[in-house]
file upload.txt (compact mmCIF, C-alpha atoms and all ligand atoms)
# COMPACT_ATOMS: atom_id res chain seq x y z
CA MET A 19 -83.24 44.13 -47.12
CA ASN A 20 -80.92 41.12 -47.18
CA GLN A 21 -80.75 41.28 -50.95
CA GLY A 22 -78.50 38.69 -52.48
CA LEU A 23 -78.07 37.05 -49.11
CA LEU A 24 -78.84 33.41 -48.55
CA SER A 25 -80.82 32.45 -45.45
CA VAL A 26 -79.19 30.27 -42.80
CA ASP A 27 -81.78 27.54 -43.37
CA ASP A 28 -81.30 27.53 -47.15
CA ALA A 29 -77.52 27.41 -46.80
CA LEU A 30 -77.76 24.58 -44.30
CA ALA A 31 -80.17 22.61 -46.48
CA ARG A 32 -77.80 22.96 -49.43
CA LEU A 33 -74.84 21.88 -47.34
CA LEU A 34 -76.61 18.88 -45.89
CA ALA A 35 -77.87 17.82 -49.31
CA GLU A 36 -74.22 17.35 -50.32
CA ALA A 37 -73.00 15.57 -47.21
CA ARG A 38 -72.44 11.86 -47.71
CA PRO A 39 -71.91 9.64 -44.69
CA VAL A 40 -68.58 7.81 -44.63
CA ALA A 41 -69.31 4.27 -45.70
CA ASP A 42 -66.45 2.54 -43.88
CA ILE A 43 -67.50 0.70 -40.78
CA GLU A 44 -65.07 -0.56 -38.19
CA GLU A 45 -65.63 -2.90 -35.29
CA VAL A 46 -64.35 -1.42 -32.04
CA GLU A 47 -64.29 -2.76 -28.50
CA THR A 48 -67.41 -1.63 -26.66
CA LEU A 49 -65.03 -0.34 -23.97
CA GLU A 50 -63.50 2.03 -26.55
CA ALA A 51 -66.73 3.01 -28.32
CA THR A 52 -67.84 6.07 -26.35
CA ASN A 53 -68.29 9.09 -28.64
CA ARG A 54 -68.26 6.99 -31.83
CA ILE A 55 -71.29 6.82 -34.14
CA LEU A 56 -73.09 3.49 -34.18
CA ALA A 57 -73.29 2.13 -37.73
CA ARG A 58 -75.91 -0.62 -37.22
CA SER A 59 -78.75 -0.81 -34.75
CA GLN A 60 -78.16 -3.25 -31.91
CA ARG A 61 -80.55 -5.86 -30.57
CA SER A 62 -80.27 -7.87 -27.43
CA THR A 63 -79.86 -11.64 -27.61
CA MET A 64 -80.80 -11.96 -23.96
CA ASP A 65 -83.16 -10.79 -21.25
CA VAL A 66 -81.90 -8.28 -18.70
CA PRO A 67 -81.99 -9.03 -15.90
CA PRO A 68 -81.41 -12.62 -16.98
CA MET A 69 -83.33 -13.95 -13.96
CA ASP A 70 -85.76 -12.72 -11.32
CA ASN A 71 -83.64 -11.15 -8.60
CA SER A 72 -83.89 -9.17 -5.42
CA ALA A 73 -83.99 -5.39 -5.49
CA MET A 74 -83.13 -5.20 -1.78
CA ASP A 75 -81.13 -6.74 0.99
CA GLY A 76 -83.76 -8.66 2.99
CA PHE A 77 -85.63 -11.94 3.14
CA ALA A 78 -87.28 -14.00 0.41
CA VAL A 79 -90.61 -15.43 1.57
CA ARG A 80 -93.71 -17.32 0.45
CA LEU A 81 -96.78 -15.13 0.88
CA SER A 82 -98.90 -18.19 1.65
CA ASP A 83 -96.80 -18.76 4.81
CA LEU A 84 -97.64 -15.31 6.12
CA LYS A 85 -101.41 -15.76 6.42
CA ASP A 86 -101.13 -16.82 10.05
CA LYS A 87 -97.47 -16.30 10.95
CA SER A 88 -95.07 -13.40 11.04
CA SER A 89 -91.94 -15.31 12.03
CA LEU A 90 -90.06 -17.75 9.76
CA LEU A 91 -87.06 -20.03 10.05
CA VAL A 92 -84.10 -18.72 8.03
CA LYS A 93 -82.75 -21.78 6.23
CA GLN A 94 -80.43 -20.38 3.60
CA LYS A 95 -78.42 -17.33 2.56
CA ILE A 96 -78.23 -16.23 -1.10
CA MET A 97 -75.57 -13.76 -2.11
CA ALA A 98 -75.41 -11.90 -5.45
CA GLY A 99 -73.66 -14.19 -7.90
CA SER A 100 -74.81 -17.42 -6.26
CA VAL A 101 -77.95 -19.52 -6.71
CA GLY A 102 -80.13 -20.65 -3.81
CA LYS A 103 -82.22 -23.79 -3.35
CA ALA A 104 -86.00 -23.91 -3.67
CA LEU A 105 -87.62 -22.20 -0.69
CA GLU A 106 -89.13 -24.81 1.61
CA PRO A 107 -92.62 -23.95 2.86
CA GLY A 108 -92.49 -22.22 6.24
CA THR A 109 -88.96 -20.89 5.74
CA ALA A 110 -87.31 -17.70 4.58
CA ALA A 111 -84.03 -17.09 2.73
CA ARG A 112 -81.64 -14.32 3.70
CA ILE A 113 -81.09 -12.60 0.33
CA PHE A 114 -78.96 -9.74 -0.97
CA THR A 115 -79.48 -7.20 -3.73
CA GLY A 116 -79.04 -8.76 -7.17
CA ALA A 117 -79.23 -12.35 -5.91
CA PRO A 118 -81.59 -14.72 -7.78
CA ILE A 119 -85.01 -15.31 -6.24
CA PRO A 120 -85.19 -18.92 -5.05
CA PRO A 121 -87.97 -21.02 -6.63
CA GLY A 122 -91.14 -20.80 -4.51
CA ALA A 123 -90.48 -17.29 -3.15
CA ASP A 124 -92.91 -14.62 -4.28
CA ALA A 125 -91.85 -11.49 -2.40
CA ILE A 126 -88.93 -9.89 -0.61
CA VAL A 127 -89.25 -8.24 2.78
CA MET A 128 -86.63 -5.55 3.09
CA GLN A 129 -84.16 -5.87 5.94
CA GLU A 130 -85.35 -2.63 7.53
CA HIS A 131 -88.76 -4.24 8.17
CA THR A 132 -87.40 -7.29 9.98
CA SER A 133 -85.65 -8.31 13.16
CA ILE A 134 -83.59 -11.44 13.75
CA GLU A 135 -83.92 -13.67 16.78
CA GLY A 136 -81.56 -16.63 16.55
CA ASP A 137 -82.44 -18.53 13.40
CA GLN A 138 -85.86 -16.87 13.14
CA VAL A 139 -86.74 -13.72 11.26
CA GLN A 140 -89.57 -11.58 12.57
CA LEU A 141 -91.43 -9.80 9.71
CA LYS A 142 -92.87 -6.47 10.79
CA LYS A 143 -94.63 -5.81 7.55
CA LYS A 144 -96.56 -8.06 5.21
CA PRO A 145 -95.20 -7.74 1.67
CA LYS A 146 -97.31 -7.33 -1.45
CA PRO A 147 -97.08 -10.04 -4.13
CA GLY A 148 -93.85 -9.58 -6.10
CA GLU A 149 -92.59 -6.80 -3.84
CA TRP A 150 -88.90 -5.93 -4.38
CA ILE A 151 -88.52 -8.56 -7.08
CA ARG A 152 -86.92 -7.38 -10.32
CA ARG A 153 -88.43 -9.54 -13.04
CA VAL A 154 -86.50 -11.24 -15.79
CA GLY A 155 -86.47 -9.03 -18.92
CA SER A 156 -87.89 -5.99 -17.10
CA ASP A 157 -84.97 -3.84 -18.35
CA VAL A 158 -84.27 -5.36 -21.79
CA LYS A 159 -86.31 -7.99 -23.62
CA ARG A 160 -84.51 -10.56 -25.71
CA GLY A 161 -84.71 -9.56 -29.39
CA GLY A 162 -85.55 -5.94 -28.60
CA GLU A 163 -83.60 -3.00 -30.07
CA ILE A 164 -81.36 -1.38 -27.51
CA LEU A 165 -79.52 1.20 -29.65
CA PRO A 166 -80.49 2.73 -33.02
CA ALA A 167 -78.05 3.18 -35.90
CA GLY A 168 -76.69 6.69 -36.30
CA LYS A 169 -76.51 7.47 -32.59
CA ARG A 170 -73.44 8.99 -31.02
CA LEU A 171 -72.59 6.55 -28.28
CA LEU A 172 -72.65 8.08 -24.82
CA PRO A 173 -71.15 6.37 -21.79
CA GLN A 174 -74.58 4.99 -20.81
CA ASP A 175 -75.01 3.52 -24.32
CA THR A 176 -71.82 1.49 -24.12
CA GLY A 177 -72.92 0.40 -20.65
CA LEU A 178 -76.27 -0.73 -22.04
CA ALA A 179 -74.53 -2.67 -24.84
CA ALA A 180 -72.27 -4.31 -22.27
CA SER A 181 -75.30 -5.23 -20.11
CA VAL A 182 -76.48 -7.57 -22.89
CA GLY A 183 -72.99 -8.97 -23.40
CA ILE A 184 -71.96 -7.08 -26.55
CA LYS A 185 -68.17 -7.04 -26.65
CA THR A 186 -67.58 -5.07 -29.86
CA LEU A 187 -69.68 -2.53 -31.76
CA PRO A 188 -69.79 -1.51 -35.45
CA VAL A 189 -69.07 2.22 -35.75
CA PHE A 190 -68.40 4.55 -38.65
CA ARG A 191 -64.81 5.39 -39.38
CA LYS A 192 -63.84 8.75 -37.91
CA VAL A 193 -64.21 11.64 -40.33
CA ARG A 194 -60.82 13.09 -41.26
CA LEU A 195 -61.06 16.84 -40.81
CA GLY A 196 -58.34 19.00 -42.34
CA LEU A 197 -57.86 22.47 -40.88
CA PHE A 198 -55.74 25.42 -41.89
CA PHE A 199 -55.64 29.07 -40.98
CA THR A 200 -54.89 31.81 -43.47
CA GLY A 201 -53.35 35.14 -42.56
CA ASP A 202 -49.88 36.69 -42.66
CA GLU A 203 -50.69 38.37 -39.35
CA LEU A 204 -50.95 35.09 -37.43
CA VAL A 205 -48.40 33.76 -34.99
CA MET A 206 -48.58 30.95 -32.46
CA PRO A 207 -48.53 31.42 -28.69
CA GLY A 208 -44.92 31.03 -27.57
CA GLU A 209 -43.65 33.06 -30.50
CA PRO A 210 -42.91 36.76 -30.08
CA LEU A 211 -45.75 39.01 -31.16
CA ALA A 212 -44.18 41.45 -33.63
CA PRO A 213 -45.99 44.73 -34.26
CA GLY A 214 -49.11 44.20 -36.32
CA ARG A 215 -49.32 40.51 -35.51
CA ILE A 216 -52.02 38.59 -33.60
CA TYR A 217 -52.17 35.13 -32.10
CA ASN A 218 -53.85 32.41 -34.09
CA SER A 219 -56.73 31.77 -31.73
CA ASN A 220 -58.91 30.13 -34.38
CA ARG A 221 -56.51 27.21 -34.54
CA PHE A 222 -57.33 26.38 -30.94
CA THR A 223 -61.05 26.97 -31.18
CA LEU A 224 -61.63 25.09 -34.45
CA ARG A 225 -59.32 22.22 -33.62
CA GLY A 226 -61.06 21.85 -30.26
CA LEU A 227 -64.43 21.79 -32.00
CA GLY A 228 -63.21 19.12 -34.44
CA GLU A 229 -62.15 17.03 -31.47
CA VAL A 230 -65.43 17.59 -29.62
CA PHE A 231 -67.24 16.17 -32.65
CA GLY A 232 -65.04 13.09 -32.69
CA CYS A 233 -63.09 13.85 -35.88
CA ASP A 234 -59.65 12.65 -36.73
CA VAL A 235 -58.24 16.19 -36.99
CA ARG A 236 -55.32 16.93 -39.34
CA ASP A 237 -54.06 20.39 -38.54
CA TYR A 238 -51.97 22.04 -41.27
CA GLY A 239 -51.34 25.19 -39.27
CA ILE A 240 -50.87 28.70 -40.60
CA VAL A 241 -50.90 29.26 -44.36
CA PRO A 242 -49.52 32.56 -45.66
CA ASP A 243 -51.68 34.89 -47.72
CA SER A 244 -50.54 33.78 -51.17
CA LEU A 245 -52.35 31.97 -53.94
CA GLU A 246 -49.65 29.33 -54.35
CA ALA A 247 -49.38 28.55 -50.61
CA THR A 248 -53.17 28.31 -50.30
CA ARG A 249 -53.43 26.02 -53.35
CA ALA A 250 -50.67 23.77 -52.04
CA ALA A 251 -52.34 23.52 -48.63
CA LEU A 252 -55.67 22.65 -50.28
CA ARG A 253 -54.09 19.93 -52.45
CA ARG A 254 -52.41 18.32 -49.48
CA ALA A 255 -55.52 18.49 -47.30
CA ALA A 256 -57.70 17.12 -50.11
CA ALA A 257 -55.41 14.13 -50.50
CA GLU A 258 -55.53 13.33 -46.79
CA THR A 259 -58.96 14.32 -45.45
CA ASP A 260 -62.72 14.05 -46.03
CA VAL A 261 -63.63 17.62 -45.08
CA ILE A 262 -61.42 20.70 -45.21
CA VAL A 263 -62.28 23.69 -43.05
CA THR A 264 -60.31 26.92 -43.23
CA SER A 265 -60.47 30.24 -41.45
CA GLY A 266 -59.97 33.65 -43.01
CA GLY A 267 -59.34 34.80 -46.54
CA VAL A 268 -62.93 34.40 -47.77
CA SER A 269 -63.83 38.09 -47.85
CA VAL A 270 -63.21 40.12 -50.95
CA GLY A 271 -60.07 41.85 -49.74
CA GLU A 272 -56.79 41.90 -51.61
CA ALA A 273 -55.20 39.25 -49.38
CA ASP A 274 -58.15 36.86 -49.65
CA TYR A 275 -56.78 33.94 -51.67
CA VAL A 276 -59.05 31.16 -50.51
CA LYS A 277 -61.66 31.81 -53.17
CA PRO A 278 -59.33 31.79 -56.21
CA ALA A 279 -57.34 28.89 -54.74
CA VAL A 280 -60.43 26.67 -54.35
CA GLU A 281 -61.64 27.67 -57.81
CA ALA A 282 -58.29 26.65 -59.25
CA GLU A 283 -58.17 23.30 -57.42
CA GLY A 284 -61.83 22.33 -57.45
CA LYS A 285 -65.33 23.76 -57.36
CA LEU A 286 -66.53 26.67 -55.28
CA LEU A 287 -69.79 28.28 -54.25
CA MET A 288 -69.48 31.59 -52.45
CA TRP A 289 -72.36 32.39 -50.19
CA ARG A 290 -73.21 35.59 -48.44
CA ILE A 291 -75.38 34.47 -45.61
CA ALA A 292 -78.00 36.53 -43.83
CA MET A 293 -76.55 35.95 -40.39
CA LYS A 294 -74.61 37.86 -37.79
CA PRO A 295 -71.90 37.15 -36.96
CA GLY A 296 -70.40 35.55 -40.04
CA ARG A 297 -71.58 36.75 -43.39
CA PRO A 298 -69.21 35.14 -45.89
CA LEU A 299 -69.11 31.36 -46.14
CA ALA A 300 -67.44 29.39 -48.89
CA PHE A 301 -68.51 25.89 -49.83
CA GLY A 302 -67.00 23.64 -52.42
CA SER A 303 -65.14 20.48 -53.19
CA ILE A 304 -61.58 19.54 -54.07
CA GLN A 305 -61.07 16.07 -55.45
CA LYS A 306 -63.03 13.82 -53.07
CA SER A 307 -63.03 16.27 -50.17
CA PHE A 308 -65.57 18.84 -49.21
CA PHE A 309 -64.42 22.33 -48.46
CA ILE A 310 -65.95 24.87 -46.08
CA GLY A 311 -64.27 28.25 -45.74
CA LEU A 312 -65.15 30.19 -42.60
CA PRO A 313 -64.59 33.89 -41.97
CA GLY A 314 -61.47 34.84 -40.01
CA ASN A 315 -63.11 36.82 -37.24
CA PRO A 316 -62.85 34.58 -34.16
CA VAL A 317 -66.50 34.84 -33.13
CA SER A 318 -67.70 34.43 -36.71
CA SER A 319 -65.64 31.33 -37.32
CA PHE A 320 -66.79 29.84 -34.00
CA VAL A 321 -70.48 30.52 -34.65
CA THR A 322 -70.42 29.47 -38.31
CA PHE A 323 -68.64 26.27 -37.31
CA LEU A 324 -71.42 25.47 -34.84
CA ILE A 325 -74.24 26.40 -37.21
CA PHE A 326 -72.89 24.90 -40.47
CA VAL A 327 -69.80 22.76 -40.01
CA ARG A 328 -71.21 20.92 -37.02
CA PRO A 329 -74.29 19.48 -38.77
CA PHE A 330 -72.25 18.83 -41.92
CA LEU A 331 -69.67 16.85 -39.94
CA LEU A 332 -72.35 14.96 -38.02
CA ARG A 333 -74.12 13.98 -41.22
CA THR A 334 -70.79 12.95 -42.76
CA GLN A 335 -70.13 10.87 -39.65
CA GLY A 336 -73.41 9.02 -40.24
CA MET A 337 -75.35 10.61 -37.43
CA ALA A 338 -79.12 10.56 -37.84
CA GLN A 339 -80.03 13.54 -35.65
CA VAL A 340 -78.02 16.62 -36.67
CA GLN A 341 -80.29 19.54 -35.76
CA PRO A 342 -79.54 20.79 -32.26
CA LYS A 343 -82.44 20.93 -29.82
CA TRP A 344 -83.15 24.34 -28.37
CA LEU A 345 -84.84 25.72 -25.30
CA GLN A 346 -87.45 28.42 -24.99
CA MET A 347 -85.98 30.71 -22.31
CA ARG A 348 -86.61 34.09 -20.79
CA ALA A 349 -84.43 36.99 -21.89
CA ASP A 350 -83.32 39.05 -18.89
CA PHE A 351 -82.09 41.76 -21.26
CA ASP A 352 -83.31 44.21 -23.86
CA TRP A 353 -82.17 44.02 -27.48
CA PRO A 354 -83.82 47.09 -28.95
CA GLU A 355 -81.89 47.40 -32.22
CA PRO A 356 -81.84 44.04 -33.92
CA ASP A 357 -79.96 43.48 -37.15
CA ALA A 358 -81.79 42.87 -40.41
CA ARG A 359 -80.00 39.51 -40.46
CA ARG A 360 -80.66 36.53 -38.17
CA GLU A 361 -78.41 36.96 -35.15
CA PHE A 362 -76.69 34.52 -32.86
CA LEU A 363 -76.18 36.35 -29.57
CA ARG A 364 -73.77 35.19 -26.90
CA VAL A 365 -75.69 34.76 -23.63
CA LYS A 366 -75.24 33.25 -20.20
CA TRP A 367 -77.81 31.10 -18.44
CA ASN A 368 -78.24 32.82 -15.08
CA ALA A 369 -79.17 31.40 -11.68
CA GLN A 370 -82.71 32.81 -11.99
CA GLY A 371 -83.40 30.60 -15.01
CA GLY A 372 -83.13 33.45 -17.51
CA LEU A 373 -80.52 34.62 -20.00
CA ASP A 374 -78.04 37.48 -19.65
CA LEU A 375 -76.51 39.12 -22.69
CA TYR A 376 -72.79 39.70 -23.13
CA PRO A 377 -72.51 43.49 -23.41
CA THR A 378 -70.38 43.45 -26.58
CA GLN A 379 -71.73 41.40 -29.47
CA ASP A 380 -68.90 42.42 -31.81
CA SER A 381 -67.62 39.53 -33.93
CA ALA A 382 -64.01 40.20 -32.94
CA VAL A 383 -64.67 39.87 -29.18
CA LEU A 384 -63.85 36.27 -28.43
CA THR A 385 -64.39 36.87 -24.71
CA SER A 386 -68.14 36.78 -25.39
CA THR A 387 -67.98 33.16 -26.54
CA ALA A 388 -65.99 32.03 -23.52
CA TRP A 389 -68.25 33.92 -21.09
CA ALA A 390 -71.43 32.55 -22.65
CA ASP A 391 -73.29 29.29 -22.06
CA GLY A 392 -74.76 29.31 -25.54
CA LEU A 393 -76.39 31.34 -28.29
CA VAL A 394 -79.73 33.03 -28.68
CA ASP A 395 -81.01 32.39 -32.18
CA ASN A 396 -82.82 35.66 -32.89
CA PRO A 397 -84.94 36.04 -36.04
CA ALA A 398 -84.03 38.81 -38.50
CA GLY A 399 -85.18 42.23 -37.41
CA GLN A 400 -86.80 41.10 -34.17
CA ALA A 401 -86.32 43.28 -31.11
CA ILE A 402 -86.22 41.56 -27.74
CA ARG A 403 -87.81 43.04 -24.65
CA LYS A 404 -86.80 41.97 -21.16
CA GLY A 405 -89.00 39.10 -20.01
CA GLU A 406 -89.79 37.79 -23.48
CA MET A 407 -89.12 34.21 -24.43
CA VAL A 408 -86.31 33.54 -26.90
CA ARG A 409 -84.82 30.52 -28.62
CA PHE A 410 -81.69 29.41 -26.76
CA LEU A 411 -79.10 26.99 -28.12
CA PRO A 412 -76.98 25.89 -25.15
CA TYR A 413 -73.40 24.84 -25.87
CA SER A 414 -74.19 21.60 -24.05
CA GLU A 415 -76.62 20.76 -26.85
CA LEU A 416 -74.44 22.12 -29.65
CA TYR A 417 -71.45 20.11 -28.46
CA ARG A 418 -73.16 16.81 -29.19
P1 LIG B 501 -60.17 37.61 -42.80
O1 LIG B 501 -61.43 36.81 -42.85
O2 LIG B 501 -58.98 36.86 -43.26
O3 LIG B 501 -60.34 38.91 -43.52
O4 LIG B 501 -59.95 37.98 -41.29
C1 LIG B 501 -60.88 38.74 -40.56
C2 LIG B 501 -60.35 39.12 -39.20
O5 LIG B 501 -60.10 37.95 -38.43
C3 LIG B 501 -59.03 39.85 -39.23
O6 LIG B 501 -59.04 40.81 -38.19
C4 LIG B 501 -58.02 38.77 -38.92
O7 LIG B 501 -56.85 39.28 -38.37
C5 LIG B 501 -58.77 37.90 -37.97
N1 LIG B 501 -58.29 36.53 -38.05
C6 LIG B 501 -58.12 35.82 -39.18
N2 LIG B 501 -57.67 34.60 -38.91
C7 LIG B 501 -57.55 34.52 -37.57
C8 LIG B 501 -57.11 33.49 -36.68
N3 LIG B 501 -56.71 32.30 -37.14
N4 LIG B 501 -57.10 33.75 -35.36
C9 LIG B 501 -57.51 34.95 -34.89
N5 LIG B 501 -57.93 35.95 -35.67
C10 LIG B 501 -57.95 35.76 -37.00
MG MG B 502 -57.05 37.27 -43.75

call {"tool": "encode", "arguments": {"input": "upload.txt", "output": "structure tokens"}}
result
Amino acid sequence: MNQGLLSVDDALARLLAEARPVADIEEVETLEATNRILARSQRSTMDVPPMDNSAMDGFAVRLSDLKDKSSLLVKQKIMAGSVGKALEPGTAARIFTGAPIPPGADAIVMQEHTSIEGDQVQLKKKPKPGEWIRRVGSDVKRGGEILPAGKRLLPQDTGLAASVGIKTLPVFRKVRLGLFFTGDELVMPGEPLAPGRIYNSNRFTLRGLGEVFGCDVRDYGIVPDSLEATRAALRRAAAETDVIVTSGGVSVGEADYVKPAVEAEGKLLMWRIAMKPGRPLAFGSIQKSFFIGLPGNPVSSFVTFLIFVRPFLLRTQGMAQVQPKWLQMRADFDWPEPDARREFLRVKWNAQGGLDLYPTQDSAVLTSTAWADGLVDNPAGQAIRKGEMVRFLPYSELYR
């Protein structure tokens, strides 16, 4: 069983052992940094909030005034962005959300618990000490780390950086990803589909994936099934990119020129991987570029990209966390005849909190990938019975 096949984990470990993070760091505007990988951890040089401020629209008071009274003279009004005067004993300040707490005040009474009569405010509820006051540094402490190196910056991360006044951020240079697609049968949408031809769907899927992972994608299009054309495409891509990913031509058929072409231009390891879909995978290097050759079947190239190319790209980008997180979820389907290889099944997350299986798991049926919400990672030879828990990799986690 599985003789001569490499396990997914072993193949991934070998790939990741080769990946070297791009060393070049560029400084980008924090406003433009979403989706980039942070190259150096960031600390705050300030407290956030920078001063005690009100969490509510209401009235700032001194608790000591409220021992025997419940009505106070309103002597000032403090808006967000302005600074009030010290609170005189026996008075209250009208205050708005985000406005600084005036010296002397030790609680806020929210507007909903007050009524106004002329210049007096009637307090219907006695506040607790510090109530509705956001304390200086309660969000971020000066000197504290706000973002670790190697994190892909999400919108909330750039917002956090901006909240401590960081205008630019050091990020790794984008990885240049070269793509080409082998196959004499391929034509592009918009061109007539002659008999025997098919549309080059992998170009769209793989290019989209490269973009999802924040690469600078160089797309060399369709390369005919010939040794010379494949070698020329590899030379050009190697000169211009960090990682080259191709689809098709890695089987052992007569028109499969990727293997001899990479061997002629650089170094190649051919792996037969114990996974379904996607048995053949080629890994190598050409000049300073890495090469990963994916199978041509649309589902296989999609799944092998997510399982192998994704972590390789993330590691090359300088990302610390490259393993996707997974969920333990209930299978609402039976899978009585598992393959002897580890399988990645296309499933949909249903409204009952379980997983439905796409009826056709054939590696040529691209519809399954578009219908699905992710993949079930099923161990080799393991049957699934309805109601059992399985390991689910949602696209939402894989696309990070
Ligand atoms: P190959 O790996 O080159 O033997 O191709 C395996 C299968 O995938 C064949 O049916 C090809 O026609 C198909 N295929 C190869 N490349 C593509 C592509 N770029 N888009 C869609 N199907 C493809
Ligand atoms: Mg082919």

call {"tool": "residues_near_ligand", "arguments": {"input": "upload.txt", "ligand": "ligand LIG 501 (chain B)", "cutoff": "9 Å", "atoms": "all atoms listed in the file", "output": "PyMOL selection string"}}
result
chain A and resi 198-205+215-223+240+243+264-271+273-274+298+312-319+381-382

call {"tool": "atom_distance", "arguments": {"input": "upload.txt", "atom1": "atom CA of Phe114 of chain A", "atom2": "atom CA of Met128 of chain A"}}
result
9.6 Å

call {"tool": "atom_distance", "arguments": {"input": "upload.txt", "atom1": "atom CA of Arg194 of chain A", "atom2": "atom CA of Gly232 of chain A"}}
result
9.6 Å

call {"tool": "residues_around", "arguments": {"input": "upload.txt", "residues": "Thr132 of chain A", "least_positions_apart": "6", "cutoff": "10 Å", "atoms": "only C-alpha atoms", "output": "PyMOL selection string"}}
result
chain A and resi 76-77+88-89+139-143

call {"tool": "closest_residue", "arguments": {"input": "upload.txt", "among": "A:Val241, A:Ala282, A:Ala41, A:Leu332", "to": "ligand MG 502 (chain B)", "atoms": "all atoms listed in the file"}}
result
A:Val241

call {"tool": "residues_near_point", "arguments": {"input": "upload.txt", "point": "(-67.8, 26.8, -46.4)", "cutoff": "9 Å", "atoms": "only C-alpha atoms", "output": "list of chain:residue names"}}
result
A:Leu33, A:Ile262, A:Val263, A:Thr264, A:Leu286, A:Leu287, A:Met288, A:Trp289, A:Pro298, A:Leu299, A:Ala300, A:Phe301, A:Gly302, A:Phe308, A:Phe309, A:Ile310, A:Gly311, A:Leu312, A:Pro313, A:Thr322, A:Phe326, A:Val327

call {"tool": "closest_residue", "arguments": {"input": "upload.txt", "among": "A:Lys306, A:Lys185, A:Lys87, A:Arg360", "to": "Gln138 of chain A", "atoms": "all atoms listed in the file"}}
result
A:Lys87

call {"tool": "axis_aligned_box", "arguments": {"input": "upload.txt", "around": "segment 149-163 of chain A", "padding_each_side": "6 Å", "output": "lines of an AutoDock Vina configuration file"}}
result
center_x = -88.1
center_y = -7.1
center_z = -17.0
size_x = 21.0
size_y = 20.2
size_z = 38.2

call {"tool": "atom_distance", "arguments": {"input": "upload.txt", "atom1": "atom CA of Met206 of chain A", "atom2": "atom CA of Lys192 of chain A"}}
result
27.5 Å

call {"tool": "residues_around", "arguments": {"input": "upload.txt", "residues": "Ile126 of chain A", "least_positions_apart": "4", "cutoff": "8 Å", "atoms": "all atoms listed in the file", "output": "PyMOL selection string"}}
result
chain A and resi 72+74+76-79+145+148-151

call {"tool": "write_last_selection", "arguments": {"input": "upload.txt", "atoms": "C-alpha atoms", "output": "CSV table (one decimal), keeping the file's coordinate frame"}}
result
chain,number,residue,atom,x,y,z
A,72,SER,CA,-83.9,-9.2,-5.4
A,74,MET,CA,-83.1,-5.2,-1.8
A,76,GLY,CA,-83.8,-8.7,3.0
A,77,PHE,CA,-85.6,-11.9,3.1
A,78,ALA,CA,-87.3,-14.0,0.4
A,79,VAL,CA,-90.6,-15.4,1.6
A,145,PRO,CA,-95.2,-7.7,1.7
A,148,GLY,CA,-93.8,-9.6,-6.1
A,149,GLU,CA,-92.6,-6.8,-3.8
A,150,TRP,CA,-88.9,-5.9,-4.4
A,151,ILE,CA,-88.5,-8.6,-7.1

call {"tool": "closest_residue", "arguments": {"input": "upload.txt", "among": "A:Gly196, A:Gly399, A:Gly214, A:Gly372", "to": "Met293 of chain A", "atoms": "only C-alpha atoms"}}
result
A:Gly399

call {"tool": "closest_residue", "arguments": {"input": "upload.txt", "among": "A:Gly228, A:Pro173, A:Gly336, A:Pro188", "to": "Glu44 of chain A", "atoms": "all atoms listed in the file"}}
result
A:Pro188

call {"tool": "residues_around", "arguments": {"input": "upload.txt", "residues": "Pro67 of chain A", "least_positions_apart": "4", "cutoff": "12 Å", "atoms": "all atoms listed in the file", "output": "PyMOL selection string"}}
result
chain A and resi 62+71-73+116-119+151-160+178+181-183

call {"tool": "closest_residue", "arguments": {"input": "upload.txt", "among": "A:Ala123, A:Val276, A:Val230, A:Val261", "to": "ligand MG 502 (chain B)", "atoms": "all atoms listed in the file"}}
result
A:Val276

call {"tool": "residues_around", "arguments": {"input": "upload.txt", "residues": "Leu375 of chain A", "least_positions_apart": "6", "cutoff": "8 Å", "atoms": "all atoms listed in the file", "output": "list in words"}}
result
Asp350, Phe351, Leu363, Arg364, Val365 and Lys366 of chain A
